[in-house]
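Here's protein.txt, which has compact mmCIF, C-alpha atoms:
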# COMPACT_ATOMS: atom_id res chain seq x y z
CA MET A 1 93.15 115.01 129.25
CA PRO A 2 96.83 115.43 128.41
CA GLY A 3 98.75 112.31 127.58
CA VAL A 4 95.83 109.90 127.37
CA THR A 5 95.38 108.12 124.05
CA VAL A 6 92.41 105.91 123.35
CA HIS A 7 92.83 103.87 120.18
CA PHE A 8 89.63 103.36 118.22
CA LEU A 9 89.44 100.55 115.71
CA LEU A 10 86.72 101.38 113.22
CA VAL A 11 85.26 99.31 110.38
CA TYR A 12 83.14 101.33 107.99
CA SER A 13 80.88 99.78 105.37
CA HIS A 14 80.71 101.85 102.20
CA THR A 15 77.70 99.86 101.07
CA ALA A 16 75.71 100.43 104.27
CA GLN A 17 77.34 103.88 104.67
CA LYS A 18 77.85 103.37 108.38
CA LEU A 19 80.25 101.96 110.95
CA ILE A 20 79.75 98.25 111.50
CA GLU A 21 82.44 97.77 114.16
CA GLN A 22 83.87 100.08 116.79
CA GLU A 23 86.33 98.85 119.42
CA GLN A 24 88.53 100.83 121.75
CA TYR A 25 91.88 100.07 123.36
CA THR A 26 94.14 101.89 125.76
CA ARG A 27 97.15 99.62 125.15
CA ILE A 28 98.77 100.31 121.80
CA ALA A 29 100.07 96.74 121.39
CA GLU A 30 96.54 95.37 121.67
CA ALA A 31 95.25 98.06 119.32
CA THR A 32 97.79 97.37 116.58
CA ALA A 33 97.29 93.59 116.87
CA ALA A 34 93.52 94.06 116.53
CA TYR A 35 94.06 96.45 113.64
CA LYS A 36 96.16 93.90 111.79
CA ALA A 37 93.59 91.15 112.42
CA ALA A 38 90.75 93.36 111.17
CA GLU A 39 92.70 94.33 108.07
CA GLU A 40 93.25 90.65 107.33
CA LYS A 41 89.59 89.85 107.86
CA TYR A 42 88.48 92.48 105.33
CA ARG A 43 91.49 92.43 102.98
CA ASP A 44 89.68 90.77 100.09
CA ARG A 45 86.72 93.14 100.44
CA SER A 46 88.60 96.40 100.82
CA ASP A 47 86.39 98.05 98.17
CA GLU A 48 83.43 97.55 100.45
CA PHE A 49 84.92 97.95 103.93
CA GLU A 50 87.39 100.42 105.35
CA VAL A 51 89.37 99.48 108.46
CA VAL A 52 91.15 102.25 110.34
CA LEU A 53 92.89 102.81 113.68
CA VAL A 54 92.58 106.34 115.05
CA GLY A 55 93.89 107.56 118.39
CA ALA A 56 92.52 110.53 120.32
CA ASP A 57 91.42 111.59 123.79
CA SER A 58 87.81 110.57 123.08
CA ILE A 59 85.50 109.28 120.37
CA GLY A 60 84.02 112.78 120.21
CA THR A 61 87.34 114.07 118.94
CA VAL A 62 87.54 111.32 116.30
CA MET A 63 84.04 112.26 115.17
CA ARG A 64 85.35 115.74 114.43
CA THR A 65 88.66 114.84 112.76
CA HIS A 66 87.28 111.83 110.82
CA GLY A 67 83.68 112.91 110.37
CA HIS A 68 82.95 110.88 107.25
CA TYR A 69 82.83 107.66 109.28
CA PHE A 70 80.08 109.03 111.50
CA VAL A 71 77.80 111.51 109.77
CA ASN A 72 76.15 111.12 106.43
CA ASP A 73 74.63 114.53 105.95
CA SER A 74 76.07 115.72 102.69
CA LEU A 75 78.02 118.91 102.35
CA PHE A 76 76.54 118.99 98.86
CA ASP A 77 73.08 119.88 100.16
CA LYS A 78 74.43 122.68 102.32
CA LEU A 79 76.52 124.10 99.51
CA LEU A 80 73.66 124.17 97.07
CA GLU A 81 71.45 125.88 99.58
CA ALA A 82 74.13 128.42 100.42
CA ALA A 83 74.91 129.05 96.76
CA ALA A 84 71.21 129.49 96.01
CA ASN A 85 70.96 132.08 98.76
CA SER A 86 74.27 133.64 97.76
CA LYS A 87 74.89 134.65 101.32
CA ARG A 88 77.98 134.00 103.32
CA THR A 89 76.04 133.84 106.59
CA ASP A 90 73.93 130.90 105.40
CA PHE A 91 77.02 128.85 104.76
CA ALA A 92 78.62 129.90 108.03
CA VAL A 93 75.54 128.61 109.84
CA ALA A 94 75.63 125.38 107.83
CA ILE A 95 79.16 124.49 108.92
CA MET B 1 103.69 86.88 113.89
CA THR B 2 106.49 89.11 115.10
CA VAL B 3 109.03 90.10 112.49
CA THR B 4 112.63 90.54 113.58
CA ASN B 5 114.26 91.87 110.42
CA LEU B 6 113.10 95.46 110.00
CA SER B 7 116.20 96.87 108.34
CA ASN B 8 115.51 99.62 105.84
CA ASN B 9 116.60 97.33 103.02
CA HIS B 10 114.24 94.57 104.05
CA VAL B 11 111.32 96.97 104.61
CA THR B 12 111.94 98.44 101.16
CA LYS B 13 112.11 94.99 99.57
CA CYS B 14 108.78 94.00 101.13
CA GLY B 15 107.25 97.30 100.01
CA LYS B 16 108.30 96.58 96.43
CA LEU B 17 106.78 93.11 96.57
CA LEU B 18 103.42 94.51 97.71
CA ARG B 19 103.62 97.33 95.19
CA ASP B 20 104.08 94.80 92.36
CA PHE B 21 101.65 92.21 93.78
CA PRO B 22 99.04 94.12 95.80
CA GLN B 23 96.90 91.01 96.31
CA GLN B 24 97.96 87.61 97.55
CA HIS B 25 96.55 85.66 94.61
CA LEU B 26 98.73 87.72 92.24
CA ALA B 27 101.96 86.95 94.10
CA PRO B 28 104.26 84.14 92.95
CA ASP B 29 104.83 82.97 96.52
CA ALA B 30 101.99 83.22 99.06
CA ALA B 31 104.27 82.78 102.11
CA GLU B 32 106.58 85.53 100.90
CA TRP B 33 103.58 87.82 100.32
CA ARG B 34 102.24 87.19 103.83
CA HIS B 35 105.68 87.89 105.28
CA ALA B 36 105.71 91.23 103.44
CA ILE B 37 102.34 92.10 105.00
CA ASP B 38 103.74 91.21 108.45
CA VAL B 39 106.76 93.44 107.84
CA ILE B 40 104.69 96.39 106.65
CA THR B 41 102.32 96.19 109.65
CA GLU B 42 105.22 95.80 112.09
CA PHE B 43 107.00 98.73 110.48
CA ARG B 44 103.81 100.78 110.76
CA SER B 45 103.44 99.94 114.46
CA LEU B 46 106.87 101.47 115.11
CA HIS B 47 105.24 104.83 114.36
CA ALA B 48 102.73 104.59 117.21
CA ALA B 49 104.89 106.03 119.99
CA PRO B 50 106.35 108.85 117.84
CA MET B 51 102.80 109.72 116.74
CA SER B 52 101.61 109.93 120.35
CA SER B 53 104.60 112.10 121.17
CA VAL B 54 103.77 114.52 118.34
CA ARG B 55 100.07 114.54 119.28
CA ASN B 56 100.91 115.33 122.90
CA GLY B 57 103.25 118.12 121.80
CA LEU B 58 100.56 119.62 119.58
CA GLY B 59 98.03 119.28 122.41
CA ALA B 60 100.34 121.20 124.74
CA MET B 61 100.65 123.98 122.13
CA LEU B 62 96.87 124.16 121.76
CA ARG B 63 96.34 124.40 125.51
CA SER B 64 99.03 127.01 126.07
CA LYS B 65 97.57 130.23 127.42
CA SER B 66 99.13 132.33 124.67
CA LEU B 67 97.31 130.36 121.95
CA ASP B 68 94.19 129.31 123.86
CA LEU B 69 92.98 126.93 121.16
CA GLY B 70 91.48 124.35 123.49
CA ALA B 71 88.43 123.97 121.23
CA ALA B 72 90.57 122.37 118.53
CA ALA B 73 90.39 118.60 117.97
CA ILE B 74 93.46 116.46 117.51
CA SER B 75 93.85 112.80 116.56
CA GLN B 76 96.45 110.38 115.24
CA ARG B 77 96.08 107.60 112.70
CA HIS B 78 98.05 104.71 111.29
CA LYS B 79 97.89 104.65 107.49
CA ARG B 80 95.97 101.68 106.14
CA VAL B 81 98.10 98.98 104.47
CA GLU B 82 95.96 99.30 101.36
CA ARG B 83 96.69 103.05 101.19
CA ILE B 84 100.41 102.46 101.79
CA VAL B 85 100.51 100.01 98.87
CA ARG B 86 98.56 102.37 96.65
CA LYS B 87 100.99 105.16 97.44
CA LEU B 88 103.95 102.95 96.57
CA GLN B 89 102.29 102.20 93.24
CA ARG B 90 101.62 105.88 92.61
CA MET B 91 105.18 106.88 93.57
CA PRO B 92 107.29 103.95 92.33
CA GLN B 93 110.56 105.79 93.00
CA THR B 94 109.78 106.11 96.71
CA SER B 95 110.74 103.26 99.00
CA LEU B 96 108.55 102.17 101.89
CA HIS B 97 110.92 103.20 104.66
CA ARG B 98 110.99 106.74 103.24
CA LEU B 99 107.21 107.29 103.20
CA GLU B 100 106.45 110.30 105.37
CA ASP B 101 102.84 109.66 106.30
CA ILE B 102 102.77 106.10 107.67
CA GLY B 103 101.85 107.82 110.94
CA GLY B 104 99.97 111.09 110.98
CA CYS B 105 98.35 113.61 113.29
CA ARG B 106 95.44 115.82 112.29
CA VAL B 107 94.43 119.03 114.01
CA LEU B 108 91.01 120.49 113.30
CA LEU B 109 90.80 124.23 113.99
CA GLN B 110 87.69 126.34 114.28
CA ARG B 111 88.89 129.37 112.35
CA PRO B 112 91.57 130.26 109.75
CA GLU B 113 93.30 132.53 112.26
CA ASP B 114 93.55 129.59 114.68
CA LEU B 115 95.23 127.54 111.97
CA ASP B 116 97.68 130.36 111.29
CA ALA B 117 98.46 130.74 114.99
CA LEU B 118 99.23 127.03 115.43
CA ARG B 119 101.21 126.99 112.22
CA THR B 120 103.37 129.87 113.43
CA ARG B 121 103.91 128.11 116.76
CA ILE B 122 104.95 124.86 115.05
CA GLU B 123 107.32 126.72 112.76
CA SER B 124 108.94 128.53 115.67
CA ARG B 125 109.29 125.48 117.94
CA TRP B 126 109.80 122.46 115.68
CA THR B 127 111.73 123.73 112.66
CA ALA B 128 114.75 121.64 113.67
CA ASP B 129 112.55 118.51 113.44
CA PHE B 130 111.23 119.23 109.93
CA THR B 131 112.29 116.68 107.33
CA ARG B 132 111.21 119.05 104.55
CA GLU B 133 109.58 122.41 104.04
CA PRO B 134 105.94 122.74 105.14
CA ARG B 135 103.40 122.28 102.35
CA ASP B 136 100.82 125.04 102.24
CA TYR B 137 97.81 123.68 100.39
CA VAL B 138 95.74 126.67 101.52
CA GLU B 139 97.92 129.04 99.55
CA ASN B 140 98.45 126.46 96.78
CA PRO B 141 95.50 124.05 96.80
CA LYS B 142 95.68 120.78 94.90
CA ASP B 143 93.86 120.77 91.55
CA ILE B 144 90.91 118.90 93.04
CA GLY B 145 90.55 121.62 95.69
CA TYR B 146 92.27 120.02 98.70
CA ARG B 147 93.31 122.59 101.29
CA ALA B 148 95.34 122.11 104.48
CA VAL B 149 98.81 122.83 105.81
CA HIS B 150 101.13 119.82 106.10
CA PHE B 151 104.32 119.36 108.07
CA VAL B 152 106.58 116.35 108.42
CA VAL B 153 108.57 116.12 111.64
CA LYS B 154 110.97 113.46 112.84
CA ARG B 155 110.36 111.88 116.25
CA HIS B 156 112.44 109.02 117.63
CA GLY B 157 113.79 108.46 114.11
CA ARG B 158 110.35 108.19 112.48
CA ALA B 159 108.72 110.67 110.11
CA ILE B 160 105.28 111.82 111.29
CA GLU B 161 102.97 113.93 109.15
CA ILE B 162 100.96 116.74 110.71
CA GLN B 163 97.84 118.04 108.94
CA LEU B 164 96.24 121.30 110.00
CA ARG B 165 92.71 121.86 108.67
CA THR B 166 89.91 124.31 109.34
CA VAL B 167 86.39 123.01 109.90
CA GLY B 168 85.41 123.86 106.33
CA GLN B 169 88.49 122.19 104.88
CA GLN B 170 87.68 119.08 106.93
CA GLN B 171 84.06 119.02 105.77
CA TRP B 172 85.26 119.21 102.19
CA ALA B 173 87.67 116.30 102.79
CA ASP B 174 84.95 114.28 104.56
CA GLU B 175 82.69 114.65 101.54
CA LEU B 176 85.47 113.58 99.17
CA GLU B 177 86.23 110.48 101.28
CA ARG B 178 82.53 109.64 101.44
CA LEU B 179 82.13 109.84 97.68
CA ASP B 180 85.38 107.94 97.09
CA GLY B 181 84.07 105.11 99.28
CA ARG B 182 80.64 105.18 97.69
CA LEU B 183 82.11 104.91 94.18
CA ALA B 184 84.54 102.12 95.20
CA SER B 185 81.70 100.01 96.61
CA ARG B 186 79.57 100.14 93.45
CA PRO B 187 78.81 96.73 91.90
CA ILE B 188 81.33 97.43 89.14
CA PRO B 189 83.84 99.87 90.60
CA ASP B 190 86.15 101.83 88.34
CA PRO B 191 89.69 101.14 89.60
CA SER B 192 90.95 104.31 87.93
CA ILE B 193 88.90 106.45 90.35
CA SER B 194 90.73 107.55 93.48
CA LEU B 195 89.55 111.02 94.41
CA LYS B 196 91.97 111.21 97.35
CA ASP B 197 94.75 110.94 94.80
CA GLY B 198 93.07 113.49 92.53
CA LEU B 199 91.96 110.83 90.04
CA GLY B 200 88.39 110.69 88.81
CA PRO B 201 85.85 111.96 86.29
CA GLU B 202 86.18 115.57 85.20
CA SER B 203 82.74 116.51 86.55
CA ILE B 204 83.60 115.33 90.06
CA ARG B 205 87.02 116.97 90.05
CA GLU B 206 85.47 120.25 88.92
CA TYR B 207 82.70 120.02 91.51
CA PHE B 208 85.17 119.52 94.36
CA ALA B 209 87.49 122.22 93.03
CA ALA B 210 84.59 124.69 92.88
CA ALA B 211 83.25 123.63 96.29
CA GLY B 212 86.75 123.95 97.79
CA ALA B 213 87.08 127.48 96.40
CA PHE B 214 83.61 128.43 97.67
CA ILE B 215 84.37 127.12 101.18
CA TYR B 216 87.73 128.88 101.16
CA HIS B 217 86.22 132.22 100.19
CA THR B 218 83.53 131.82 102.81
CA GLU B 219 85.80 130.81 105.68
CA TYR B 220 88.52 133.34 104.91
CA GLY B 221 86.08 136.23 104.48
CA LEU B 222 86.84 136.79 100.80
CA ASP B 223 84.41 138.05 98.18
CA ILE B 224 82.15 135.40 96.71
CA THR B 225 81.88 136.58 93.15
CA ALA B 226 79.02 135.89 90.75
CA ASP B 227 81.50 133.89 88.65
CA LEU B 228 82.36 131.63 91.58
CA LEU B 229 78.70 131.03 92.38
CA GLU B 230 77.92 130.27 88.75
CA ARG B 231 80.87 127.89 88.58
CA LEU B 232 79.61 126.04 91.67
CA ARG B 233 76.06 125.80 90.33
CA LEU B 234 77.21 124.48 86.95
CA ALA B 235 79.50 121.97 88.65
CA GLN B 236 76.67 120.79 90.89
CA ASP B 237 74.35 120.36 87.92
CA ALA B 238 77.04 118.33 86.14
CA VAL B 239 77.56 115.85 89.00
CA VAL B 240 73.79 115.44 89.37
CA ASP B 241 73.35 114.91 85.62
CA ALA B 242 76.17 112.34 85.67
CA GLY B 243 74.40 110.44 88.45
CA TYR B 244 77.00 110.90 91.17
CA TYR B 245 74.57 112.79 93.39
CA ALA B 246 70.80 112.94 93.68
CA ARG B 247 69.28 116.35 93.13
CA PRO B 248 68.79 117.92 96.57
CA LYS B 249 65.20 118.43 97.67
CA GLY B 250 63.59 121.72 96.85
CA THR B 251 65.89 122.61 93.96

Translate this structure into structure tokens?
Amino acid sequence: MPGVTVHFLLVYSHTAQKLIEQEQYTRIAEATAAYKAAEEKYRDRSDEFEVVLVGADSIGTVMRTHGHYFVNDSLFDKLLEAAANSKRTDFAVAI
Amino acid sequence: MTVTNLSNNHVTKCGKLLRDFPQQHLAPDAAEWRHAIDVITEFRSLHAAPMSSVRNGLGAMLRSKSLDLGAAAISQRHKRVERIVRKLQRMPQTSLHRLEDIGGCRVLLQRPEDLDALRTRIESRWTADFTREPRDYVENPKDIGYRAVHFVVKRHGRAIEIQLRTVGQQQWADELERLDGRLASRPIPDPSISLKDGLGPESIREYFAAAGAFIYHTEYGLDITADLLERLRLAQDAVVDAGYYARPKGT
């Protein structure tokens, strides 16, 4: 919907390779305050955790523009398969 | 804590402090360091409204009947403080208030021709807002294989970066981010590795460069030569041999 921004605060664990926190806000002031608090909480462990604030019309959109926080299927597997087959169509299907 | 002094000079001074002392325990004065963090986050939050404005403008372009790119995805993000500090360290001549990607919008497009259509529309409508020439990383990819088209536009006095990527370019970037995170979270991380900044072992850089070229040729309908396939296979073998990836099943 035009004009609507939902702000998603995401905390991703590189060790667990998945999101461990996901909050959403419609008021930007609340979102940025929560973002700052989450960054402080994880500041000393930033190698392990990634805190990010992304705004979009829906979480589905964020899953497309910031896919690495959501899906763990490796592009590597698809590429190897496509390269082994040496066919453009196989890769097109993969993506 | 709300910070009242957000003059360019003060923002720059706080940026320098964090650049020189990225962690609190390294700083000579803990209170001063915490103030710098408050300033940087407050400064970042000033980009929220301009970012929304740019995102809405891009959304209107995508929905326009003449483009009909409603299937595209568009989001906005505030740069992480950690990434801001790292950038200041990497570009010591650049002051914080001049960074152009504190706030950014990303548009994911299904096909290369969709990217070109949106790019043309942006260039015809927003040229007056550009703070510099567009950067075409599709035509001139970064050494590690990064491809996208970047713009920087000014909205309400703030610079906002726009990234246009195809689905394949985004999948490539997702994989790079995933590996970057995986390597950083190892028990003994190597601080010299930052794939997003193009820094890392030769085998990984070559693998991503080859994969980026393969994806580009596939998406843009170009010939996939035997040389390119061989390059990709060799690069894949190298990253598996080096232990960065497990060998995929069935190979």

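Counting from CA of Leu19 (chain A), the distance to CA of Arg34 (chain B) is 27.4 Å.
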
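Proximity ranking of A:Ser58, A:Thr32, A:Leu75, A:Glu21 relative to Phe208 (chain B) places A:Leu75 first, based on all atoms listed in the file.
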
When the cut-off is 7 Å and we count only C-alpha atoms, which residues of chain B are near chain A, given as a PyMOL selection string? chain B and resi 41+45+56+73-78+80+106+108+168+171+174-175+177-178+181-182+184-185+218+229+248

Keeping C-alpha atoms, export the residues of the selection given above as a PDB file, keeping the file's coordinate frame.
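Result file is result.pdb:
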ATOM      1  CA  THR B  41     102.320  96.190 109.650  1.00  0.00           C
ATOM      2  CA  SER B  45     103.440  99.940 114.460  1.00  0.00           C
ATOM      3  CA  ASN B  56     100.910 115.330 122.900  1.00  0.00           C
ATOM      4  CA  ALA B  73      90.390 118.600 117.970  1.00  0.00           C
ATOM      5  CA  ILE B  74      93.460 116.460 117.510  1.00  0.00           C
ATOM      6  CA  SER B  75      93.850 112.800 116.560  1.00  0.00           C
ATOM      7  CA  GLN B  76      96.450 110.380 115.240  1.00  0.00           C
ATOM      8  CA  ARG B  77      96.080 107.600 112.700  1.00  0.00           C
ATOM      9  CA  HIS B  78      98.050 104.710 111.290  1.00  0.00           C
ATOM     10  CA  ARG B  80      95.970 101.680 106.140  1.00  0.00           C
ATOM     11  CA  ARG B 106      95.440 115.820 112.290  1.00  0.00           C
ATOM     12  CA  LEU B 108      91.010 120.490 113.300  1.00  0.00           C
ATOM     13  CA  GLY B 168      85.410 123.860 106.330  1.00  0.00           C
ATOM     14  CA  GLN B 171      84.060 119.020 105.770  1.00  0.00           C
ATOM     15  CA  ASP B 174      84.950 114.280 104.560  1.00  0.00           C
ATOM     16  CA  GLU B 175      82.690 114.650 101.540  1.00  0.00           C
ATOM     17  CA  GLU B 177      86.230 110.480 101.280  1.00  0.00           C
ATOM     18  CA  ARG B 178      82.530 109.640 101.440  1.00  0.00           C
ATOM     19  CA  GLY B 181      84.070 105.110  99.280  1.00  0.00           C
ATOM     20  CA  ARG B 182      80.640 105.180  97.690  1.00  0.00           C
ATOM     21  CA  ALA B 184      84.540 102.120  95.200  1.00  0.00           C
ATOM     22  CA  SER B 185      81.700 100.010  96.610  1.00  0.00           C
ATOM     23  CA  THR B 218      83.530 131.820 102.810  1.00  0.00           C
ATOM     24  CA  LEU B 229      78.700 131.030  92.380  1.00  0.00           C
ATOM     25  CA  PRO B 248      68.790 117.920  96.570  1.00  0.00           C
TER      26      PRO B 248
END

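If you count only C-alpha atoms and ignore residues fewer than 6 places along the chain from His217 (chain B), what sits within 10 Å of it is Arg88 of chain A; Ala211, Asp223, Ile224, Thr225 and Leu228 of chain B.
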
Any idea what the distance is between CA of Ala242 (chain B) and CA of Glu202 (chain B)? 10.5 Å

CA of Val153 (chain B) sits from CA of Cys105 (chain B) at a separation of 10.7 Å

Within 10 Å of (105.5, 93.2, 112.8), all atoms listed in the file: residues as a PDB file with C-alpha atoms, keeping the file's coordinate frame?
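And here's result36.pdb as it stands now:
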ATOM      1  CA  THR A  32      97.790  97.370 116.580  1.00  0.00           C
ATOM      2  CA  ALA A  33      97.290  93.590 116.870  1.00  0.00           C
ATOM      3  CA  LYS A  36      96.160  93.900 111.790  1.00  0.00           C
TER       4      LYS A  36
ATOM      5  CA  MET B   1     103.690  86.880 113.890  1.00  0.00           C
ATOM      6  CA  THR B   2     106.490  89.110 115.100  1.00  0.00           C
ATOM      7  CA  VAL B   3     109.030  90.100 112.490  1.00  0.00           C
ATOM      8  CA  THR B   4     112.630  90.540 113.580  1.00  0.00           C
ATOM      9  CA  ASN B   5     114.260  91.870 110.420  1.00  0.00           C
ATOM     10  CA  LEU B   6     113.100  95.460 110.000  1.00  0.00           C
ATOM     11  CA  HIS B  35     105.680  87.890 105.280  1.00  0.00           C
ATOM     12  CA  ALA B  36     105.710  91.230 103.440  1.00  0.00           C
ATOM     13  CA  ILE B  37     102.340  92.100 105.000  1.00  0.00           C
ATOM     14  CA  ASP B  38     103.740  91.210 108.450  1.00  0.00           C
ATOM     15  CA  VAL B  39     106.760  93.440 107.840  1.00  0.00           C
ATOM     16  CA  ILE B  40     104.690  96.390 106.650  1.00  0.00           C
ATOM     17  CA  THR B  41     102.320  96.190 109.650  1.00  0.00           C
ATOM     18  CA  GLU B  42     105.220  95.800 112.090  1.00  0.00           C
ATOM     19  CA  PHE B  43     107.000  98.730 110.480  1.00  0.00           C
ATOM     20  CA  ARG B  44     103.810 100.780 110.760  1.00  0.00           C
ATOM     21  CA  SER B  45     103.440  99.940 114.460  1.00  0.00           C
ATOM     22  CA  LEU B  46     106.870 101.470 115.110  1.00  0.00           C
TER      23      LEU B  46
END

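When only C-alpha atoms are used to measure the gap to Asn8 (chain B), the shortest distance among B:Arg83, B:Arg98, B:Arg147, B:Val138 belongs to B:Arg98.
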
Rank nothing, just name the residue among B:Trp172, B:Val107, B:Pro112, B:Gly59 nearest to His150 (chain B), using all atoms listed in the file. B:Val107

File contents for region 128-172 of chain B with C-alpha atoms as a PDB file, in the first residue's frame:
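Everything below was put into result_25.pdb:
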ATOM      1  CA  ALA B 128      18.545  17.538 -10.098  1.00  0.00           C
ATOM      2  CA  ASP B 129      18.644  15.678  -6.753  1.00  0.00           C
ATOM      3  CA  PHE B 130      21.798  13.664  -7.523  1.00  0.00           C
ATOM      4  CA  THR B 131      24.742  14.488  -5.287  1.00  0.00           C
ATOM      5  CA  ARG B 132      27.081  12.670  -7.673  1.00  0.00           C
ATOM      6  CA  GLU B 133      27.015  10.632 -10.846  1.00  0.00           C
ATOM      7  CA  PRO B 134      25.272   7.240 -10.674  1.00  0.00           C
ATOM      8  CA  ARG B 135      27.597   4.292 -10.092  1.00  0.00           C
ATOM      9  CA  ASP B 136      27.021   1.463 -12.522  1.00  0.00           C
ATOM     10  CA  TYR B 137      28.418  -1.679 -10.932  1.00  0.00           C
ATOM     11  CA  VAL B 138      26.699  -3.808 -13.578  1.00  0.00           C
ATOM     12  CA  GLU B 139      28.825  -2.293 -16.314  1.00  0.00           C
ATOM     13  CA  ASN B 140      31.843  -2.017 -13.990  1.00  0.00           C
ATOM     14  CA  PRO B 141      31.501  -4.641 -11.245  1.00  0.00           C
ATOM     15  CA  LYS B 142      33.667  -4.466  -8.142  1.00  0.00           C
ATOM     16  CA  ASP B 143      36.630  -6.859  -8.129  1.00  0.00           C
ATOM     17  CA  ILE B 144      34.809  -9.272  -5.830  1.00  0.00           C
ATOM     18  CA  GLY B 145      31.917  -9.422  -8.317  1.00  0.00           C
ATOM     19  CA  TYR B 146      29.403  -7.018  -6.756  1.00  0.00           C
ATOM     20  CA  ARG B 147      26.832  -5.792  -9.268  1.00  0.00           C
ATOM     21  CA  ALA B 148      24.098  -3.177  -8.832  1.00  0.00           C
ATOM     22  CA  VAL B 149      23.347   0.390  -9.872  1.00  0.00           C
ATOM     23  CA  HIS B 150      23.723   3.022  -7.147  1.00  0.00           C
ATOM     24  CA  PHE B 151      22.388   6.553  -6.952  1.00  0.00           C
ATOM     25  CA  VAL B 152      22.691   9.142  -4.209  1.00  0.00           C
ATOM     26  CA  VAL B 153      19.907  11.706  -4.019  1.00  0.00           C
ATOM     27  CA  LYS B 154      19.367  14.554  -1.596  1.00  0.00           C
ATOM     28  CA  ARG B 155      16.043  14.754   0.255  1.00  0.00           C
ATOM     29  CA  HIS B 156      15.295  17.340   2.931  1.00  0.00           C
ATOM     30  CA  GLY B 157      19.028  18.076   3.106  1.00  0.00           C
ATOM     31  CA  ARG B 158      20.046  14.433   3.683  1.00  0.00           C
ATOM     32  CA  ALA B 159      21.881  12.150   1.266  1.00  0.00           C
ATOM     33  CA  ILE B 160      20.022   8.885   0.607  1.00  0.00           C
ATOM     34  CA  GLU B 161      21.537   6.009  -1.342  1.00  0.00           C
ATOM     35  CA  ILE B 162      19.420   4.032  -3.794  1.00  0.00           C
ATOM     36  CA  GLN B 163      20.502   0.524  -4.813  1.00  0.00           C
ATOM     37  CA  LEU B 164      18.912  -1.195  -7.796  1.00  0.00           C
ATOM     38  CA  ARG B 165      19.547  -4.941  -8.010  1.00  0.00           C
ATOM     39  CA  THR B 166      18.196  -7.814 -10.065  1.00  0.00           C
ATOM     40  CA  VAL B 167      17.132 -11.015  -8.329  1.00  0.00           C
ATOM     41  CA  GLY B 168      20.392 -12.723  -9.274  1.00  0.00           C
ATOM     42  CA  GLN B 169      22.498  -9.804  -8.068  1.00  0.00           C
ATOM     43  CA  GLN B 170      20.600  -9.886  -4.766  1.00  0.00           C
ATOM     44  CA  GLN B 171      21.100 -13.634  -4.355  1.00  0.00           C
ATOM     45  CA  TRP B 172      24.808 -13.145  -4.906  1.00  0.00           C
TER      46      TRP B 172
END
